[in-house]
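Undergrad: I am attaching a structure below and will ask some questions about it afterwards.
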Amino acid sequence: MLLNTDEQTIEDLGLFGNRNAGGIYHIYNAANTRGGETILKDMFRNPLSDMDAINRRSSIIENFARMNVAFPFSAASFDMAEKYLIENNEQTKDAITPCSAKKKCKTG
(Lines give C-alpha, C1' and ligand atoms only; values in the text may rest on other atoms or scores of the structure.)
Protein backbone atom coordinates (compact mmCIF):
# COMPACT_ATOMS: atom_id res chain seq x y z
CA MET A 1 0.00 0.00 0.00
CA LEU A 2 1.27 3.46 -0.89
CA LEU A 3 0.84 6.58 1.18
CA ASN A 4 -0.16 9.73 -0.66
CA THR A 5 2.03 12.61 0.47
CA ASP A 6 0.73 16.12 -0.09
CA GLU A 7 2.95 18.97 -1.27
CA GLN A 8 2.94 20.71 2.13
CA THR A 9 4.23 17.56 3.86
CA ILE A 10 6.90 17.12 1.19
CA GLU A 11 8.00 20.72 1.70
CA ASP A 12 7.92 20.47 5.50
CA LEU A 13 10.10 17.34 5.43
CA GLY A 14 12.50 18.95 2.96
CA LEU A 15 12.42 15.92 0.69
CA PHE A 16 13.40 17.80 -2.44
CA GLY A 17 15.08 20.79 -0.86
CA ASN A 18 14.64 24.39 -1.90
CA ARG A 19 16.50 27.07 -3.83
CA ASN A 20 19.33 27.22 -1.30
CA ALA A 21 19.92 23.55 -0.53
CA GLY A 22 19.19 20.07 -1.77
CA GLY A 23 16.94 17.77 0.21
CA ILE A 24 16.99 14.14 1.27
CA TYR A 25 16.17 13.11 -2.30
CA HIS A 26 19.43 14.63 -3.53
CA ILE A 27 21.43 12.62 -0.98
CA TYR A 28 19.98 9.35 -2.28
CA ASN A 29 19.76 10.22 -5.96
CA ALA A 30 22.50 8.28 -7.71
CA ALA A 31 20.30 7.56 -10.73
CA ASN A 32 21.98 7.59 -14.11
CA THR A 33 18.85 8.11 -16.20
CA ARG A 34 15.82 10.36 -16.15
CA GLY A 35 13.65 7.27 -15.81
CA GLY A 36 15.55 6.26 -12.69
CA GLU A 37 15.17 9.75 -11.25
CA THR A 38 11.43 9.66 -11.97
CA ILE A 39 11.03 6.31 -10.19
CA LEU A 40 13.03 7.54 -7.19
CA LYS A 41 10.96 10.74 -6.98
CA ASP A 42 7.81 8.62 -7.11
CA MET A 43 9.15 6.49 -4.24
CA PHE A 44 9.72 9.65 -2.17
CA ARG A 45 6.33 11.14 -3.04
CA ASN A 46 4.41 7.89 -2.42
CA PRO A 47 6.19 5.94 0.32
CA LEU A 48 5.21 2.37 1.14
CA SER A 49 3.17 1.74 4.27
CA ASP A 50 3.25 -2.08 4.35
CA MET A 51 6.15 -3.40 6.45
CA ASP A 52 6.71 -6.47 4.25
CA ALA A 53 6.83 -4.33 1.11
CA ILE A 54 9.26 -1.91 2.79
CA ASN A 55 11.53 -4.78 3.84
CA ARG A 56 11.37 -6.31 0.34
CA ARG A 57 12.31 -3.03 -1.33
CA SER A 58 15.04 -2.37 1.22
CA SER A 59 16.52 -5.83 0.64
CA ILE A 60 16.55 -5.33 -3.14
CA ILE A 61 18.29 -1.95 -2.82
CA GLU A 62 20.78 -3.40 -0.33
CA ASN A 63 21.65 -6.26 -2.70
CA PHE A 64 22.29 -3.89 -5.58
CA ALA A 65 24.40 -1.64 -3.34
CA ARG A 66 26.49 -4.62 -2.19
CA MET A 67 27.20 -5.62 -5.80
CA ASN A 68 28.91 -2.24 -6.34
CA VAL A 69 28.57 -2.47 -10.12
CA ALA A 70 28.97 0.68 -12.18
CA PHE A 71 26.16 1.54 -14.59
CA PRO A 72 27.72 0.79 -18.01
CA PHE A 73 25.81 3.35 -20.09
CA SER A 74 25.78 7.13 -20.23
CA ALA A 75 22.65 9.09 -19.43
CA ALA A 76 22.94 10.78 -22.83
CA SER A 77 22.68 7.40 -24.55
CA PHE A 78 19.47 6.66 -22.70
CA ASP A 79 18.06 10.11 -23.49
CA MET A 80 18.69 9.54 -27.21
CA ALA A 81 17.21 6.02 -27.10
CA GLU A 82 14.13 7.23 -25.21
CA LYS A 83 13.58 10.05 -27.71
CA TYR A 84 13.92 7.61 -30.61
CA LEU A 85 11.51 5.11 -29.04
CA ILE A 86 8.90 7.78 -28.29
CA GLU A 87 9.08 9.19 -31.83
CA ASN A 88 9.07 5.71 -33.37
CA ASN A 89 6.10 4.70 -31.21
CA GLU A 90 4.10 7.73 -32.37
CA GLN A 91 4.88 6.93 -36.01
CA THR A 92 3.92 3.29 -35.47
CA LYS A 93 0.63 4.27 -33.86
CA ASP A 94 -0.18 6.45 -36.86
CA ALA A 95 0.71 3.68 -39.30
CA ILE A 96 -1.23 0.98 -37.45
CA THR A 97 -4.40 3.00 -36.86
CA PRO A 98 -5.04 4.91 -40.08
CA CYS A 99 -8.76 5.08 -39.30
CA SER A 100 -9.80 7.02 -36.27
CA ALA A 101 -12.88 8.75 -34.99
CA LYS A 102 -11.84 11.85 -36.95
CA LYS A 103 -11.01 10.04 -40.19
CA LYS A 104 -13.36 7.80 -42.11
CA CYS A 105 -11.89 4.59 -43.50
CA LYS A 106 -12.23 3.98 -47.18
CA THR A 107 -13.82 0.68 -47.89
CA GLY A 108 -13.22 -1.23 -51.12
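By convention in this document, the chains of the C-alpha coordinates carry letters A, B, ... by their order, each chain's residues are numbered from 1, and ligands are numbered from 1 in the order they are shown.
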Could you pull the residues within 10 Å of Lys41 in chain A, counting only C-alpha atoms, minus those fewer than 3 positions along the same chain, as a list in words?
TA: Leu15, Phe16, Tyr25, His26, Asn29, Gly35, Gly36, Glu37, Thr38, Phe44, Arg45, Asn46 and Pro47 of chain A
Undergrad: In chain A, what's alpha helix (DSSP H) per DSSP? Answer as a ChimeraX atom specification?
TA: /A:7-13,24-28,34-45,51-67,75-96
Undergrad: What lies within 12 Å of range 54-64 of chain A using only C-alpha atoms, ignoring chain neighbours under 4 positions off, as a list in words?
TA: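 Once the nearby chain positions are removed, what remains is Met1, Leu2, Tyr28, Leu40, Met43, Pro47, Leu48, Ser49, Asp50, Asn68, Val69, Ala70 and Phe71 of chain A.
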Undergrad: Find the distance between CA of Ala75 in chain A and CA of Thr33 in chain A and write it in Å to one decimal.
TA: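 Computing it gives 5.1 Å between the two atoms.
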Undergrad: Can you measure CA of Gly14 in chain A to CA of Ile39 in chain A for me? One decimal in Å is fine.
TA: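 Atom-to-atom, CA of Gly14 in chain A to CA of Ile39 in chain A, that is 18.3 Å.
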Undergrad: What separation in Å, quoted to one decimal, exists between CA of Asp6 in chain A and CA of Asp42 in chain A?
TA: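 One can read the CA of Asp6 in chain A to CA of Asp42 in chain A distance as 12.5 Å.
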Undergrad: Do you know which residues are at most 10 Å from range 77-86 of chain A counting only C-alpha atoms, after dropping those on the same chain fewer than 4 positions away, and could you put them as a list in words?
TA: Asn32, Thr33, Arg34, Gly35, Phe73, Glu90, Gln91 and Thr92 of chain A
